[in-house]
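A.B. asks: Input file: model13.tsv. Contents: TSV, C-alpha atoms.
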```
chain	number	residue	atom	x	y	z
A	1	MET	CA	34.33	158.71	187.38
A	2	LYS	CA	34.73	161.43	184.78
A	3	LEU	CA	38.29	160.31	183.97
A	4	LYS	CA	37.14	156.70	183.53
A	5	LYS	CA	34.42	157.77	181.08
A	6	ILE	CA	36.92	159.72	178.95
A	7	SER	CA	39.29	156.73	178.85
A	8	THR	CA	36.52	154.41	177.68
A	9	ILE	CA	35.63	156.76	174.83
A	10	ALA	CA	39.29	156.97	173.80
A	11	VAL	CA	39.60	153.18	173.66
A	12	MET	CA	36.44	152.82	171.56
A	13	THR	CA	37.66	155.55	169.19
A	14	GLY	CA	41.00	153.78	168.78
A	15	MET	CA	39.26	150.50	167.98
A	16	LEU	CA	37.15	152.17	165.28
A	17	LEU	CA	40.23	153.77	163.74
A	18	LEU	CA	42.03	150.43	163.72
A	19	ALA	CA	39.05	148.74	162.05
A	20	GLY	CA	38.98	151.47	159.42
A	21	CYS	CA	42.67	150.95	158.67
A	22	THR	CA	42.40	147.17	158.23
A	23	SER	CA	39.23	146.94	156.10
A	24	GLY	CA	40.27	148.95	153.05
A	25	GLY	CA	39.91	147.77	149.41
A	26	SER	CA	42.56	146.04	147.33
A	27	THR	CA	44.51	147.48	144.41
A	28	GLY	CA	42.18	148.37	141.54
A	29	GLY	CA	39.31	149.58	143.72
A	30	LYS	CA	37.06	148.39	146.50
A	31	SER	CA	35.48	144.99	145.98
A	32	ASN	CA	32.74	142.92	147.60
A	33	GLY	CA	34.84	139.75	147.33
A	34	PHE	CA	34.33	139.08	143.62
A	35	ASN	CA	37.09	136.70	142.52
A	36	PRO	CA	36.98	136.01	138.77
A	37	SER	CA	40.23	134.01	138.85
A	38	SER	CA	38.43	131.09	140.51
A	39	ALA	CA	36.11	130.57	137.55
A	40	PHE	CA	38.56	129.32	134.91
A	41	ASN	CA	41.81	127.47	134.43
A	42	GLY	CA	43.01	129.93	131.77
A	43	GLY	CA	45.86	129.44	129.33
A	44	SER	CA	46.15	130.22	125.61
A	45	ASN	CA	45.79	126.73	124.10
A	46	ALA	CA	42.87	125.25	122.18
A	47	LEU	CA	43.19	122.08	120.07
A	48	SER	CA	46.62	120.50	119.60
A	49	ILE	CA	47.36	118.15	116.70
A	50	SER	CA	50.25	115.77	116.03
A	51	PHE	CA	51.15	112.82	113.82
A	52	GLU	CA	51.31	109.55	115.67
A	53	ASN	CA	54.64	107.69	115.54
A	54	ASN	CA	55.19	105.83	112.24
A	55	ALA	CA	51.82	106.96	110.86
A	56	PRO	CA	52.89	108.00	108.32
A	57	PRO	CA	56.23	106.17	108.24
A	58	ALA	CA	59.38	108.16	107.53
A	59	SER	CA	59.76	106.49	104.13
A	60	ILE	CA	57.48	104.61	101.73
A	61	LYS	CA	57.97	102.63	98.50
A	62	ASP	CA	56.76	103.74	95.10
A	63	GLN	CA	54.62	101.84	92.54
A	64	GLY	CA	51.83	101.22	95.06
A	65	ILE	CA	53.45	98.25	96.80
A	66	GLN	CA	53.43	99.69	100.35
A	67	PRO	CA	50.13	100.66	101.92
A	68	PHE	CA	50.36	103.02	104.90
A	69	SER	CA	48.17	105.09	107.20
A	70	VAL	CA	48.12	108.62	108.54
A	71	ARG	CA	46.93	108.78	112.13
A	72	LEU	CA	46.45	112.14	113.81
A	73	LEU	CA	46.20	112.74	117.55
A	74	ILE	CA	43.98	115.70	118.56
A	75	LYS	CA	43.64	116.95	122.14
A	76	ASN	CA	41.48	119.74	123.53
A	77	GLU	CA	43.83	121.72	125.76
A	78	GLY	CA	41.45	124.66	126.18
A	79	GLU	CA	38.13	124.89	128.06
A	80	ALA	CA	35.54	125.17	125.28
A	81	ASP	CA	33.72	121.98	124.23
A	82	ILE	CA	33.83	120.92	120.58
A	83	ALA	CA	30.64	119.20	119.40
A	84	GLU	CA	30.83	116.22	117.08
A	85	ASN	CA	30.91	117.00	113.33
A	86	THR	CA	31.89	120.65	113.85
A	87	ALA	CA	35.70	120.29	113.71
A	88	TYR	CA	37.67	118.83	110.82
A	89	VAL	CA	41.07	117.54	109.72
A	90	SER	CA	42.11	117.63	106.07
A	91	LEU	CA	45.24	116.38	104.32
A	92	ALA	CA	46.99	118.62	101.79
A	93	GLY	CA	50.32	119.23	100.10
A	94	ILE	CA	50.27	116.01	98.04
A	95	ASP	CA	48.71	114.80	94.79
A	96	LYS	CA	45.73	112.93	96.24
A	97	SER	CA	45.15	110.85	93.11
A	98	VAL	CA	48.70	109.47	93.22
A	99	TYR	CA	48.26	108.43	96.85
A	100	GLY	CA	44.79	106.96	96.31
A	101	LEU	CA	43.37	109.38	98.85
A	102	GLN	CA	39.61	109.19	98.29
A	103	GLU	CA	38.54	111.08	101.39
A	104	SER	CA	40.95	113.90	102.25
A	105	SER	CA	38.82	115.51	104.99
A	106	LYS	CA	37.27	113.92	108.09
A	107	SER	CA	35.32	115.22	111.04
A	108	ILE	CA	36.69	115.01	114.56
A	109	PRO	CA	34.63	113.24	117.25
A	110	GLN	CA	33.41	115.25	120.24
A	111	LEU	CA	36.19	116.94	122.20
A	112	ASN	CA	35.23	118.21	125.66
A	113	GLY	CA	37.51	120.87	127.08
A	114	PHE	CA	39.51	121.10	130.29
A	115	LYS	CA	37.29	121.47	133.36
A	116	VAL	CA	37.82	122.58	136.95
A	117	GLN	CA	35.31	121.15	139.42
A	118	GLY	CA	36.13	122.28	142.92
A	119	SER	CA	39.50	120.80	143.83
A	120	ASN	CA	39.34	118.34	140.93
A	121	THR	CA	40.50	118.89	137.36
A	122	ILE	CA	39.35	116.98	134.29
A	123	GLU	CA	41.76	116.91	131.38
A	124	GLY	CA	40.51	117.84	127.92
A	125	ARG	CA	39.51	114.91	125.75
A	126	THR	CA	41.77	113.26	123.17
A	127	GLN	CA	40.58	111.80	119.85
A	128	PHE	CA	42.17	110.10	116.83
A	129	VAL	CA	41.50	110.63	113.12
A	130	LEU	CA	42.68	107.92	110.73
A	131	PHE	CA	43.34	108.04	106.97
A	132	SER	CA	44.08	104.46	105.94
A	133	ASN	CA	45.19	102.39	102.93
A	134	LEU	CA	47.24	105.09	101.21
A	135	LYS	CA	49.70	103.99	98.51
A	136	TYR	CA	52.10	105.93	96.33
A	137	SER	CA	51.19	104.66	92.86
A	138	GLY	CA	53.75	106.72	90.96
A	139	GLU	CA	57.35	105.82	90.20
A	140	VAL	CA	60.40	107.84	91.20
A	141	LEU	CA	64.05	107.72	90.22
A	142	GLY	CA	66.13	106.87	93.26
A	143	SER	CA	64.21	108.71	95.98
A	144	THR	CA	62.37	111.98	96.53
A	145	SER	CA	60.74	113.83	99.40
A	146	GLU	CA	57.27	115.42	99.67
A	147	LYS	CA	55.68	117.43	102.44
A	148	LEU	CA	52.43	116.06	103.88
A	149	ILE	CA	50.27	118.74	105.52
A	150	ALA	CA	47.46	118.19	108.01
A	151	ASN	CA	45.06	121.11	108.41
A	152	ILE	CA	42.79	121.40	111.43
A	153	CYS	CA	39.84	123.78	111.65
A	154	TYR	CA	37.19	124.19	114.33
A	155	PRO	CA	34.84	126.61	116.09
A	156	TYR	CA	36.00	127.83	119.48
A	157	GLN	CA	34.83	130.10	122.26
A	158	THR	CA	36.46	132.11	125.01
A	159	ARG	CA	34.43	133.05	128.08
A	160	ALA	CA	35.54	135.82	130.41
A	161	SER	CA	34.24	137.27	133.65
A	162	THR	CA	34.81	140.65	135.25
A	163	ASN	CA	32.90	143.00	137.52
A	164	LEU	CA	31.17	146.33	137.05
A	165	CYS	CA	30.57	148.96	139.72
A	166	VAL	CA	27.00	150.22	139.32
A	167	SER	CA	25.44	153.37	140.78
A	168	GLY	CA	22.27	155.23	139.85
A	169	ASP	CA	23.88	158.59	140.63
A	170	THR	CA	27.49	158.78	139.50
A	171	SER	CA	27.76	162.56	140.03
A	172	SER	CA	27.60	162.45	143.86
A	173	TYR	CA	30.36	159.91	144.30
A	174	ILE	CA	32.32	161.76	146.99
A	175	ASP	CA	32.21	159.95	150.34
A	176	GLU	CA	35.12	157.50	150.26
A	177	ASP	CA	34.05	155.85	153.52
A	178	LEU	CA	30.50	155.02	152.43
A	179	LYS	CA	30.98	153.89	148.85
A	180	ILE	CA	30.77	150.18	148.09
A	181	CYS	CA	32.99	150.01	145.00
A	182	ASP	CA	35.03	152.26	142.70
A	183	LEU	CA	33.30	153.71	139.66
A	184	GLU	CA	36.63	154.44	138.02
A	185	GLY	CA	39.68	152.25	137.63
A	186	ASP	CA	41.01	148.89	136.48
A	187	ARG	CA	38.85	145.80	137.00
A	188	LYS	CA	39.93	142.24	137.64
A	189	SER	CA	39.10	139.68	134.96
A	190	ALA	CA	39.55	135.98	134.20
A	191	ASN	CA	39.39	133.94	130.98
A	192	SER	CA	38.66	130.38	130.00
A	193	GLY	CA	41.51	128.61	128.23
A	194	GLY	CA	41.78	129.53	124.55
A	195	PRO	CA	43.87	131.52	122.06
A	196	LEU	CA	41.77	134.68	122.58
A	197	ALA	CA	41.54	136.54	125.87
A	198	ILE	CA	39.92	139.58	127.47
A	199	THR	CA	42.49	141.89	129.08
A	200	ASN	CA	42.93	145.46	130.34
A	201	VAL	CA	39.37	145.97	131.66
A	202	LYS	CA	38.62	149.52	132.82
A	203	GLN	CA	35.52	151.47	133.82
A	204	TYR	CA	34.73	155.12	134.46
A	205	PRO	CA	31.60	157.24	135.13
A	206	SER	CA	29.95	158.95	132.16
A	207	GLY	CA	27.19	161.43	132.94
A	208	THR	CA	25.00	161.37	136.04
A	209	SER	CA	23.58	157.85	135.61
A	210	LYS	CA	25.85	156.02	133.24
A	211	VAL	CA	29.15	154.15	133.40
A	212	ASP	CA	31.46	153.32	130.51
A	213	PHE	CA	33.75	150.32	130.43
A	214	GLN	CA	36.27	149.00	127.95
A	215	PHE	CA	38.38	145.91	127.39
A	216	ASP	CA	40.89	144.53	124.91
A	217	ILE	CA	40.34	141.39	122.83
A	218	VAL	CA	43.80	139.85	122.40
A	219	HIS	CA	44.84	136.97	120.15
A	220	LYS	CA	47.76	134.86	121.38
A	221	PRO	CA	48.70	132.57	118.46
A	222	ALA	CA	50.83	129.59	119.44
A	223	VAL	CA	52.66	129.47	116.09
A	224	ALA	CA	52.74	131.50	112.88
A	225	THR	CA	50.22	129.22	111.15
A	226	SER	CA	47.59	129.70	113.87
A	227	THR	CA	44.90	131.80	112.20
A	228	LEU	CA	41.65	133.30	113.46
A	229	TYR	CA	38.59	133.41	111.19
A	230	GLU	CA	35.05	134.73	111.39
A	231	SER	CA	32.59	132.39	113.08
A	232	GLY	CA	30.81	130.16	110.55
A	233	SER	CA	33.29	130.72	107.72
A	234	ILE	CA	35.17	127.38	107.82
A	235	GLY	CA	33.82	124.35	105.95
A	236	PRO	CA	34.33	120.58	106.31
A	237	ASP	CA	37.36	120.61	104.01
A	238	CYS	CA	39.03	123.39	106.06
A	239	LYS	CA	38.41	125.90	103.29
A	240	ILE	CA	37.14	129.36	104.19
A	241	ASN	CA	33.76	129.93	102.58
A	242	GLY	CA	34.86	127.45	99.92
A	243	ASN	CA	38.17	129.21	99.24
A	244	LEU	CA	41.74	128.16	99.93
A	245	PRO	CA	43.29	129.77	103.05
A	246	THR	CA	45.83	131.53	100.80
A	247	SER	CA	43.16	133.26	98.70
A	248	SER	CA	42.18	136.93	99.02
A	249	GLU	CA	38.59	135.86	99.80
A	250	ALA	CA	39.84	133.83	102.76
A	251	ARG	CA	42.08	136.64	104.01
A	252	ALA	CA	39.03	138.93	104.12
A	253	LYS	CA	37.60	136.66	106.84
A	254	GLN	CA	40.75	136.62	108.96
A	255	ASN	CA	40.98	138.10	112.47
A	256	ILE	CA	37.22	138.60	112.84
A	257	VAL	CA	35.66	137.74	116.20
A	258	ARG	CA	32.15	138.21	117.62
A	259	TYR	CA	31.80	139.39	121.20
A	260	THR	CA	28.65	139.15	123.34
A	261	ILE	CA	28.36	140.90	126.70
A	262	ASP	CA	25.85	140.09	129.43
A	263	THR	CA	25.58	142.64	132.26
A	264	GLY	CA	22.11	141.56	133.36
A	265	LEU	CA	20.99	145.18	133.03
A	266	SER	CA	19.02	146.98	130.34
A	267	GLY	CA	20.47	149.93	128.48
A	268	LEU	CA	23.78	148.46	127.34
A	269	ASN	CA	25.22	150.13	124.22
A	270	CYS	CA	28.48	148.82	122.80
A	271	GLU	CA	30.30	150.76	120.09
A	272	ASN	CA	27.18	152.80	119.27
A	273	THR	CA	25.32	149.72	118.01
A	274	ASN	CA	22.69	149.89	120.81
A	275	THR	CA	23.32	146.17	121.29
A	276	ASN	CA	25.48	143.93	123.44
A	277	THR	CA	27.09	142.08	120.51
A	278	ASN	CA	29.14	142.88	117.43
A	279	SER	CA	31.71	141.39	115.04
A	280	VAL	CA	35.05	143.23	115.03
A	281	THR	CA	38.39	142.86	113.23
A	282	LEU	CA	41.59	142.57	115.23
A	283	TYR	CA	44.62	144.57	114.12
A	284	ASP	CA	48.04	143.41	115.30
A	285	ASN	CA	46.14	140.75	117.26
A	286	LYS	CA	44.15	143.27	119.33
A	287	TYR	CA	40.91	145.24	119.39
A	288	THR	CA	39.49	147.55	122.08
A	289	VAL	CA	35.74	147.43	122.77
A	290	ILE	CA	34.04	150.39	124.49
A	291	CYS	CA	30.55	150.05	126.00
A	292	SER	CA	28.18	152.34	127.87
A	293	GLN	CA	25.83	151.02	130.57
A	294	ASP	CA	22.78	153.00	131.68
A	295	THR	CA	22.49	152.84	135.49
A	296	SER	CA	19.33	154.91	135.98
A	297	ASN	CA	17.20	153.88	138.99
A	298	GLN	CA	19.92	151.48	140.17
A	299	GLU	CA	21.25	151.25	143.69
A	300	GLU	CA	24.97	151.06	144.30
A	301	PHE	CA	26.43	147.56	143.97
A	302	GLU	CA	29.16	145.56	142.29
A	303	LYS	CA	27.88	143.20	139.60
A	304	PRO	CA	29.68	140.31	137.85
A	305	ILE	CA	29.35	140.44	134.06
A	306	SER	CA	30.27	137.92	131.37
A	307	ILE	CA	31.90	138.36	127.96
A	308	THR	CA	31.83	135.62	125.29
A	309	LEU	CA	34.05	135.52	122.20
A	310	ASP	CA	33.03	133.30	119.26
A	311	TYR	CA	35.42	132.55	116.40
A	312	GLU	CA	36.83	129.80	114.21
A	313	TYR	CA	40.39	128.61	114.25
A	314	PHE	CA	42.72	127.16	111.65
A	315	ASP	CA	46.09	125.53	112.16
A	316	ARG	CA	48.37	123.07	110.38
A	317	ILE	CA	51.30	120.75	110.89
A	318	SER	CA	53.50	119.01	108.35
A	319	THR	CA	55.91	116.12	108.01
A	320	ASP	CA	58.28	114.98	105.28
A	321	LEU	CA	57.55	111.78	103.33
A	322	THR	CA	60.48	110.09	101.63
A	323	ILE	CA	59.45	108.02	98.58
A	324	GLU	CA	61.95	105.36	97.57
A	325	HIS	CA	62.12	103.55	94.24
A	326	ILE	CA	61.77	99.79	94.40
A	327	GLN	CA	63.40	97.58	91.76
A	328	ARG	CA	61.10	94.86	90.36
```
Using structure tokens, write down the structure that the file contains.
C.D. replies:
Amino acid sequence: MKLKKISTIAVMTGMLLLAGCTSGGSTGGKSNGFNPSSAFNGGSNALSISFENNAPPASIKDQGIQPFSVRLLIKNEGEADIAENTAYVSLAGIDKSVYGLQESSKSIPQLNGFKVQGSNTIEGRTQFVLFSNLKYSGEVLGSTSEKLIANICYPYQTRASTNLCVSGDTSSYIDEDLKICDLEGDRKSANSGGPLAITNVKQYPSGTSKVDFQFDIVHKPAVATSTLYESGSIGPDCKINGNLPTSSEARAKQNIVRYTIDTGLSGLNCENTNTNTNSVTLYDNKYTVICSQDTSNQEEFEKPISITLDYEYFDRISTDLTIEHIQR
């Protein structure tokens, strides 16, 4: 009987050890199952713009005898929604009076972003902007070529999710078997589709009832002309606070983004502003934000938090127009 009792205890002990070996946390710290990657589709695209075939045509006649149109195709390939009358297309690079271009800037209709709904995906919306009845009223000798530019400008937003390990007493974090999550280490994160992203999220204890966390804001421009501007700085004509994009005044508004963080807890202090929001300037397409979260009187748990980036975006495409002289 005594031998049987010892064997039973040994079996139970082995089962407990096996359970302990198979229930450990994943790389980057213990987790309660938080999976930020399921929230968004991701990607680095926002609005795409292109000239429709033959609008404008490859060549036009001079002396105003050939009317033509410019038709632009705009698609929302990111996940932020664009409200009506907040995004614009403007034509540039040509003498507007010679082409009879009365209205060189037009608003873009509503453009909903890419959406993931369970197992279904909804593509981002596509819209058209039309500039019609253009004519080249001048006269050329033989033929010449001019570059037609289409600027696009719009507000955009990137949303990101990550998780924060919270504990009211960070100094007594010793028992590896009893802790729920790691107070120090890399954190998983996910981003909605857009040219800005949150990367490299880390957290670490700071004091007896405080945790610090940091993350990088990274700009991933698709092409060299893709430019980030401060939220609210772009006008209907795709000028920046009324100035041309090439001006020094416009360059002063470049690479500025506003972040807003929601932890659902009081006592959040980001970059010594005692707030959860701030406008920062990216250098070499990156900026690191450091925040401190008071965890006094909190139990130990892992909490999802959200980060929102607000900014305005400017891009352009171009095509060559060949103007041919017509003999009368």
A.B. asks: To one decimal place, how far is atom CA of Tyr313 of chain A from atom CA of Cys153 of chain A in Å?
C.D. replies: 5.5 Å
A.B. asks: Work out how far apart atom CA of Ser206 of chain A and atom CA of Cys270 of chain A are and give it in Å to one decimal.
C.D. replies: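 According to the coordinates, atom CA of Ser206 of chain A and atom CA of Cys270 of chain A are separated by 13.9 Å.
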A.B. asks: Could you please give me, as a VMD selection string, the residues of protein, DNA or RNA lying at most 9 Å from (53.1, 98.9, 92.7) in the coordinate frame of the file, considering all atoms listed in the file?
C.D. replies: chain A and resid 61 to 66 135 to 139 326
A.B. asks: Please report the interatomic distance between atom CA of Pro245 of chain A and atom CA of Ala197 of chain A in Å with one decimal.
C.D. replies: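 These atoms are spaced 23.9 Å apart.
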A.B. asks: Which neighbours of Glu103 of chain A fall inside 10 Å, counting only C-alpha atoms, when residues of the same chain fewer than 5 positions from it are skipped, and could you give them as a list in words?
C.D. replies: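 Close residues of Glu103 of chain A: Ser90, Leu91, Lys96, Phe131, Ser132 and Asp237 of chain A.
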A.B. asks: What lies within 9 Å of Gly235 of chain A using all atoms listed in the file, ignoring chain neighbours under 2 positions off, as a list of chain:residue names?
C.D. replies: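 These residues fall inside the cut-off: A:Thr86, A:Ala87, A:Tyr88, A:Cys153, A:Gly232, A:Ser233, A:Asp237, A:Cys238, A:Lys239, A:Ile240, A:Asn241, A:Gly242.
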A.B. asks: Could you check the closest approach to Gly168 of chain A for each of A:Phe213, A:Glu300, A:Asp186, A:Lys220 and tell me which residue wins, using all atoms listed in the file?
C.D. replies: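 Selected residue with least distance to Gly168 of chain A: A:Glu300.
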A.B. asks: Using only C-alpha atoms, which residue out of A:Asn243, A:Asn163, A:Asn278, A:Ser97 lies closest to Gly264 of chain A?
C.D. replies: A:Asn163
A.B. asks: Give me, as a tab-separated table, each residue of segment 21-120 of chain A that comes within 12 Å of segment 125-129 of chain A, together with its shortest interatomic pair and the distance in Å at one decimal, counting all atoms listed in the file, with rows ordered by chain and rising residue number.
C.D. replies:
```
residue	atom	partner	partner_atom	distance
A:Ala46	CA	A:Arg125	CA	11.4
A:Leu47	CA	A:Thr126	CA	9.5
A:Ser48	CA	A:Thr126	CA	9.4
A:Ile49	CA	A:Phe128	CA	9.6
A:Ser50	CA	A:Phe128	CA	9.9
A:Phe51	CA	A:Phe128	CA	9.9
A:Glu52	CA	A:Phe128	CA	9.2
A:Ala55	CA	A:Val129	CA	11.2
A:Ser69	CA	A:Val129	CA	10.5
A:Val70	CA	A:Val129	CA	8.3
A:Arg71	CA	A:Val129	CA	5.8
A:Leu72	CA	A:Val129	CA	5.2
A:Leu73	CA	A:Phe128	CA	4.9
A:Ile74	CA	A:Gln127	CA	5.3
A:Lys75	CA	A:Thr126	CA	4.3
A:Asn76	CA	A:Arg125	CA	5.7
A:Glu77	CA	A:Arg125	CA	8.1
A:Gly78	CA	A:Arg125	CA	10.0
A:Glu79	CA	A:Arg125	CA	10.3
A:Ala80	CA	A:Arg125	CA	11.0
A:Asp81	CA	A:Arg125	CA	9.3
A:Ile82	CA	A:Arg125	CA	9.8
A:Ala83	CA	A:Arg125	CA	11.7
A:Glu84	CA	A:Gln127	CA	11.1
A:Ala87	CA	A:Val129	CA	11.3
A:Tyr88	CA	A:Val129	CA	9.3
A:Val89	CA	A:Val129	CA	7.7
A:Ser90	CA	A:Val129	CA	10.0
A:Leu91	CA	A:Val129	CA	11.2
A:Ser104	CA	A:Val129	CA	11.4
A:Ser105	CA	A:Val129	CA	9.9
A:Lys106	CA	A:Val129	CA	7.3
A:Ser107	CA	A:Val129	CA	8.0
A:Ile108	CA	A:Val129	CA	6.7
A:Pro109	CA	A:Gln127	CA	6.7
A:Gln110	CA	A:Gln127	CA	8.0
A:Leu111	CA	A:Arg125	CA	5.3
A:Asn112	CA	A:Arg125	CA	5.4
A:Gly113	CA	A:Arg125	CA	6.4
A:Phe114	CA	A:Arg125	CA	7.7
A:Lys115	CA	A:Arg125	CA	10.3
```
A.B. asks: Compare A:Leu134, A:Ser189, A:Ser247, A:Thr225 by their minimum atom-to-atom distance to Val98 of chain A, counting all atoms listed in the file, and give me the closest one.
C.D. replies: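 Distance minimum relative to Val98 of chain A lands on A:Leu134.
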A.B. asks: For Ala190 of chain A, which residue out of A:Gly118, A:Pro67, A:Gly93, A:Pro304 is the nearest one, using only C-alpha atoms?
C.D. replies: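 The shortest atom-to-atom distance to Ala190 of chain A comes from A:Pro304.
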A.B. asks: Given all atoms listed in the file as the basis, pick out the residue of A:Ser318, A:Gln293, A:Ser167, A:Thr308 nearest to Ser192 of chain A.
C.D. replies: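 Closest to Ser192 of chain A of all the choices is A:Thr308.
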A.B. asks: Counting only C-alpha atoms, figure out which residue out of A:Asp315, A:Asp182, A:Glu324, A:Asp310 gets nearest to Ser226 of chain A.
C.D. replies: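 Closest residue, counting only C-alpha atoms: A:Asp315.
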A.B. asks: Report as a PyMOL selection string all protein, DNA and RNA residues lying within 12 Å of Asn297 of chain A, evaluated on all atoms listed in the file, omitting residues in the same chain fewer than 6 positions from it.
C.D. replies: chain A and resi 166-170+208-210+265-267
A.B. asks: Hey, what's within 10 Å of Asn200 of chain A if we count only C-alpha atoms and toss same-chain stuff fewer than 4 positions away? As JSON, numbers by chain, please?
C.D. replies: {"A": [186, 187, 188, 189, 214, 215, 216, 217, 218, 288]}
A.B. asks: Please list as a list in words every residue within 7 Å of Arg316 of chain A, counting all atoms listed in the file and excluding residues in the same chain fewer than 6 positions away.
C.D. replies: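 My list of contacting residues is Ile149, Ala150, Asn151, Ile152 and Thr225 of chain A.
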